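Containing CSV, C-alpha atoms: target.csv.
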chain,number,residue,atom,x,y,z
L,1,MET,CA,-65.2,-299.9,-103.2
L,2,GLY,CA,-61.6,-299.4,-103.3
L,3,ASP,CA,-61.7,-296.3,-105.5
L,4,GLN,CA,-63.5,-293.4,-103.7
L,5,MET,CA,-63.7,-289.9,-104.9
L,6,LYS,CA,-62.0,-287.3,-102.8
L,7,PHE,CA,-63.3,-283.7,-102.9
L,8,ASP,CA,-61.2,-280.7,-102.2
L,9,LEU,CA,-63.5,-278.8,-99.8
L,10,GLY,CA,-61.5,-275.7,-100.1
L,11,SER,CA,-61.9,-275.3,-103.9
L,12,SER,CA,-65.6,-276.4,-103.7
L,13,THR,CA,-66.3,-273.7,-101.1
L,14,GLN,CA,-64.6,-271.1,-103.2
L,15,ALA,CA,-66.5,-272.1,-106.3
L,16,LEU,CA,-69.8,-271.9,-104.4
L,17,GLU,CA,-68.9,-268.5,-103.0
L,18,HIS,CA,-68.0,-267.3,-106.5
L,19,ILE,CA,-71.4,-268.6,-107.9
L,20,HIS,CA,-73.3,-267.1,-104.9
L,21,ASN,CA,-71.6,-263.6,-105.5
L,22,ALA,CA,-72.3,-263.8,-109.2
L,23,ILE,CA,-76.0,-264.5,-108.5
L,24,LYS,CA,-76.2,-261.6,-106.0
L,25,GLU,CA,-74.6,-259.2,-108.6
L,26,LEU,CA,-77.1,-260.5,-111.3
L,27,HIS,CA,-80.0,-260.0,-108.9
L,28,LEU,CA,-78.9,-256.5,-108.0
L,29,ALA,CA,-78.5,-255.6,-111.7
L,30,MET,CA,-82.0,-256.9,-112.5
L,31,THR,CA,-83.5,-255.0,-109.5
L,32,GLN,CA,-81.9,-251.8,-110.7
L,33,LEU,CA,-83.3,-252.3,-114.2
L,34,THR,CA,-86.8,-252.9,-113.0
L,35,ALA,CA,-86.8,-250.6,-109.9
L,36,PRO,CA,-88.9,-247.4,-110.1
L,37,ALA,CA,-86.8,-244.3,-110.5
L,38,ASP,CA,-87.4,-243.2,-106.9
L,39,MET,CA,-85.8,-246.4,-105.6
L,40,THR,CA,-82.4,-245.9,-107.3
L,41,ASP,CA,-79.5,-244.1,-105.6
L,42,GLU,CA,-79.2,-241.7,-108.5
L,43,PRO,CA,-80.4,-238.1,-107.7
L,44,LYS,CA,-83.5,-237.2,-109.6
L,45,PRO,CA,-83.3,-234.1,-111.9
L,46,LYS,CA,-85.4,-231.3,-110.6
L,47,PRO,CA,-88.3,-230.5,-112.9
L,48,VAL,CA,-87.9,-227.2,-114.7
L,49,LYS,CA,-90.7,-224.9,-113.8
L,50,LYS,CA,-91.8,-222.8,-116.7
L,51,LYS,CA,-92.4,-219.2,-115.8
L,52,PRO,CA,-96.1,-218.5,-116.2
L,53,ASN,CA,-97.1,-216.0,-119.0
L,54,PRO,CA,-98.2,-212.8,-117.4
L,55,TRP,CA,-101.0,-212.5,-119.9
L,56,HIS,CA,-102.5,-215.9,-119.1
L,57,MET,CA,-104.8,-214.8,-116.3
L,58,PRO,CA,-106.1,-211.6,-117.9
L,59,VAL,CA,-106.9,-213.4,-121.2
L,60,LYS,CA,-108.5,-216.2,-119.3
L,61,THR,CA,-110.5,-213.9,-117.1
L,62,HIS,CA,-111.7,-211.7,-119.9
L,63,PHE,CA,-112.9,-214.7,-121.9
L,64,ILE,CA,-114.7,-216.2,-118.9
L,65,ASP,CA,-116.4,-212.9,-118.1
L,66,TYR,CA,-117.3,-212.3,-121.8
L,67,TYR,CA,-118.8,-215.8,-122.0
L,68,LYS,CA,-120.8,-215.3,-118.9
L,69,LYS,CA,-122.1,-211.9,-120.1
L,70,GLU,CA,-122.9,-213.1,-123.7
L,71,LYS,CA,-124.2,-216.6,-123.0
L,72,GLY,CA,-125.7,-216.2,-119.5
L,73,VAL,CA,-123.9,-219.2,-118.1
L,74,ASP,CA,-120.5,-219.9,-116.5
L,75,TYR,CA,-117.7,-221.3,-118.7
L,76,TYR,CA,-116.2,-224.5,-117.5
L,77,PHE,CA,-112.5,-223.9,-117.9
L,78,THR,CA,-110.3,-227.1,-118.3
L,79,PRO,CA,-106.6,-227.6,-118.4
L,80,LYS,CA,-107.0,-228.1,-122.2
L,81,ASP,CA,-108.4,-224.5,-122.3
L,82,GLY,CA,-105.3,-223.3,-120.4
L,83,VAL,CA,-103.1,-224.7,-123.2
L,84,ILE,CA,-105.3,-223.0,-125.8
L,85,VAL,CA,-105.1,-219.7,-124.0
L,86,ASN,CA,-101.3,-220.0,-124.2
L,87,ARG,CA,-101.5,-220.6,-127.9
L,88,ILE,CA,-103.8,-217.6,-128.4
L,89,ILE,CA,-101.3,-215.4,-126.4
L,90,GLU,CA,-98.5,-216.6,-128.7
L,91,LYS,CA,-100.6,-215.6,-131.8
L,92,LEU,CA,-101.6,-212.3,-130.3
L,93,GLU,CA,-98.0,-211.5,-129.5
L,94,PHE,CA,-97.2,-212.3,-133.2
L,95,VAL,CA,-99.9,-209.9,-134.3
L,96,ILE,CA,-98.6,-207.2,-132.1
L,97,ARG,CA,-95.0,-207.6,-133.5
L,98,GLY,CA,-96.5,-207.1,-136.9
L,99,ILE,CA,-98.1,-203.7,-135.9
L,100,GLY,CA,-94.7,-201.9,-135.8
L,101,GLN,CA,-92.3,-200.7,-133.3
L,102,VAL,CA,-93.7,-197.2,-133.0
L,103,HIS,CA,-97.1,-198.4,-131.8
L,104,ARG,CA,-96.1,-201.6,-130.1
L,105,GLN,CA,-95.4,-199.9,-126.7
L,106,ASP,CA,-99.0,-198.7,-126.6
L,107,ILE,CA,-100.5,-202.1,-127.4
L,108,ASN,CA,-100.5,-205.2,-125.3
L,109,VAL,CA,-102.0,-208.7,-125.5
L,110,ASP,CA,-104.8,-207.9,-123.2
L,111,MET,CA,-105.9,-204.9,-125.2
L,112,VAL,CA,-105.9,-206.8,-128.5
L,113,TRP,CA,-107.8,-209.8,-126.9
L,114,GLN,CA,-110.5,-207.5,-125.5
L,115,ASN,CA,-110.9,-205.8,-128.9
L,116,ILE,CA,-111.2,-209.2,-130.6
L,117,LEU,CA,-113.9,-210.3,-128.1
L,118,ARG,CA,-115.7,-207.0,-128.5
L,119,LYS,CA,-115.7,-207.4,-132.4
L,120,LEU,CA,-116.4,-211.1,-132.4
L,121,LYS,CA,-120.1,-210.9,-132.8
L,122,GLU,CA,-120.0,-208.8,-136.0
L,123,SER,CA,-116.7,-210.2,-137.5
L,124,GLU,CA,-117.4,-213.9,-136.9
L,125,PRO,CA,-121.1,-214.6,-136.1
L,126,TRP,CA,-120.7,-218.4,-136.4
L,127,VAL,CA,-117.7,-218.4,-133.9
L,128,TYR,CA,-119.8,-216.1,-131.6
L,129,GLU,CA,-122.8,-218.5,-131.7
L,130,ASN,CA,-120.6,-221.5,-131.0
L,131,LEU,CA,-118.3,-219.6,-128.6
L,132,SER,CA,-115.3,-221.6,-127.3
L,133,LEU,CA,-111.6,-220.9,-126.9
L,134,THR,CA,-110.9,-223.7,-129.4
L,135,LEU,CA,-112.9,-222.0,-132.1
L,136,ILE,CA,-111.3,-218.7,-131.5
L,137,ASP,CA,-107.9,-220.2,-131.6
L,138,ASN,CA,-108.6,-222.0,-134.8
L,139,LYS,CA,-110.1,-218.9,-136.5
L,140,LEU,CA,-107.8,-216.3,-135.0
L,141,ASN,CA,-106.0,-215.5,-138.2
L,142,GLU,CA,-109.3,-215.0,-140.0
L,143,ILE,CA,-110.7,-212.9,-137.2
L,144,VAL,CA,-107.6,-210.6,-137.2
L,145,ALA,CA,-107.7,-210.5,-141.1
L,146,LYS,CA,-111.3,-209.4,-141.0
L,147,MET,CA,-110.6,-206.7,-138.5
L,148,LYS,CA,-107.8,-205.4,-140.8
L,149,ASP,CA,-109.9,-205.6,-144.0
L,150,GLY,CA,-111.4,-202.3,-145.3
L,151,ARG,CA,-109.2,-200.1,-143.1
L,152,ASP,CA,-106.7,-197.7,-144.5
L,153,ASP,CA,-104.7,-197.5,-141.3
L,154,TYR,CA,-105.3,-200.6,-139.2
L,155,LYS,CA,-102.7,-199.6,-136.7
L,156,SER,CA,-104.3,-196.2,-135.9
L,157,GLU,CA,-107.7,-197.7,-135.8
L,158,LEU,CA,-106.6,-200.4,-133.4
L,159,LEU,CA,-105.0,-197.9,-131.2
L,160,ASN,CA,-108.1,-195.6,-131.2
L,161,ARG,CA,-110.4,-198.5,-130.4
L,162,MET,CA,-108.3,-199.6,-127.5
L,163,SER,CA,-108.1,-196.3,-125.8
Now, as a test, write the supplied structure out as structure tokens.
Amino acid sequence: MGDQMKFDLGSSTQALEHIHNAIKELHLAMTQLTAPADMTDEPKPKPVKKKPNPWHMPVKTHFIDYYKKEKGVDYYFTPKDGVIVNRIIEKLEFVIRGIGQVHRQDINVDMVWQNILRKLKESEPWVYENLSLTLIDNKLNEIVAKMKDGRDDYKSELLNRMS
């Protein structure tokens, strides 16, 4: 037992502290990787609020009223229908742009939409019988085309019908 090991307590303590600090840093890094976004110190970006389309409510309201009048029951409007209304508005705005600058100031999305609903029964009987926003959205190009067919001056006719 003559040869005993001597430990340098100073260097052992420093090594343990170094290991302990490395473990703490590793633990912190892992926590940040797995932490929900609201637990990190980084500021969250503010959600961008999209400005609502001014035609959304009139188009929605006219459809719900039309459905109630024609079918005799209330229409159950879902968030999916809201997305479809926005697509219909985009398509109607495109139709209006195609009418021409001279007449465009006298025509708006609401007028065109009401005219489409008014003509739906005669122009698209199947869509009318199975009435839904999805069907109108899917058939909108055909509906507009049928409204244009057989007219010498679609723009004037549209303006006259909407007044």
Contacts of region 101-136 of chain L with region 58-63 of chain L up to 9 Å, shortest pair per row, only C-alpha atoms, as a tab-separated table:
residue	atom	partner	partner_atom	distance
L:Val109	CA	L:Val59	CA	8.0
L:Asp110	CA	L:Val59	CA	6.2
L:Trp113	CA	L:Val59	CA	6.8
L:Gln114	CA	L:His62	CA	7.1
L:Leu117	CA	L:Phe63	CA	7.7
L:Leu133	CA	L:Phe63	CA	8.1
With C-alpha atoms retained, could you export that selection as a tab-separated table (two decimals), in the coordinates of the input?
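Produced file selection_18.tsv, reproduced below:
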chain	number	residue	atom	x	y	z
L	109	VAL	CA	-102.00	-208.70	-125.50
L	110	ASP	CA	-104.80	-207.90	-123.20
L	113	TRP	CA	-107.80	-209.80	-126.90
L	114	GLN	CA	-110.50	-207.50	-125.50
L	117	LEU	CA	-113.90	-210.30	-128.10
L	133	LEU	CA	-111.60	-220.90	-126.90
Practice task
Compare L:Ile19, L:Met30, L:Ile88, L:Ile107 by their minimum atom-to-atom distance to Lys139 (chain L), counting all atoms listed in the file, and give me the closest one.
Solution key: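 Checking each of L:Ile19, L:Met30, L:Ile88, L:Ile107 against Lys139 (chain L), counting all atoms listed in the file, the winner is L:Ile88.
One finds CA of Ser132 (chain L) at 8.6 Å from CA of Tyr67 (chain L).
One finds CA of Val95 (chain L) at 8.9 Å from CA of Val112 (chain L).
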Exercise for the section: Just give me the gap between CA of Ile84 (chain L) and CA of Asp149 (chain L) in Å, one decimal is fine. Expected result: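 Computing it gives 25.6 Å between the two atoms.
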Practice task
Please identify all polymer residues within 10 Å of Asn53 (chain L), counting all atoms listed in the file, omitting same-chain residues fewer than 3 positions from it, and present them as a PyMOL selection string.
Solution key: chain L and resi 50+56-57+86+89-90
Mind writing the picked residues with C-alpha atoms as an mmCIF file, in the frame of the given file?
data_model
loop_
_atom_site.group_PDB
_atom_site.id
_atom_site.type_symbol
_atom_site.label_atom_id
_atom_site.label_comp_id
_atom_site.auth_asym_id
_atom_site.auth_seq_id
_atom_site.Cartn_x
_atom_site.Cartn_y
_atom_site.Cartn_z
ATOM 1 C CA LYS L 50 -91.800 -222.800 -116.700
ATOM 2 C CA HIS L 56 -102.500 -215.900 -119.100
ATOM 3 C CA MET L 57 -104.800 -214.800 -116.300
ATOM 4 C CA ASN L 86 -101.300 -220.000 -124.200
ATOM 5 C CA ILE L 89 -101.300 -215.400 -126.400
ATOM 6 C CA GLU L 90 -98.500 -216.600 -128.700
#
Exercise for the section: Skip Lys121 (chain L) itself and residues of its chain fewer than 6 positions away, then list as number ranges by chain all residues within 10 Å of it, counting only C-alpha atoms. Expected result: L: 70, 127-129, 131
Practice task
Measuring atom to atom with only C-alpha atoms, identify which of L:Asp137, L:Glu142, L:Asp65, L:Glu17 is nearest to Gly82 (chain L).
Solution key: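 Result for the nearest residue to Gly82 (chain L): L:Asp137.
Proximity ranking of L:Met111, L:Lys146, L:Ala22, L:Phe77 relative to Glu93 (chain L) places L:Met111 first, based on all atoms listed in the file.
Of the listed residues (L:Ile143, L:Gly72, L:Lys46, L:Lys119), L:Ile143 comes nearest to Leu92 (chain L); the distances count all atoms listed in the file.
Residue nearest Leu120 (chain L), chosen from L:Lys69, L:Gln32, L:Met147, L:Pro79 and counting only C-alpha atoms: L:Met147.
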Practice task
Select, from L:Pro125, L:Leu28, L:Thr134, L:Asn108, the residue with the minimum atom-to-atom distance to Thr78 (chain L), counting all atoms listed in the file.
Solution key: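 Smallest separation from Thr78 (chain L) among the options: L:Thr134.
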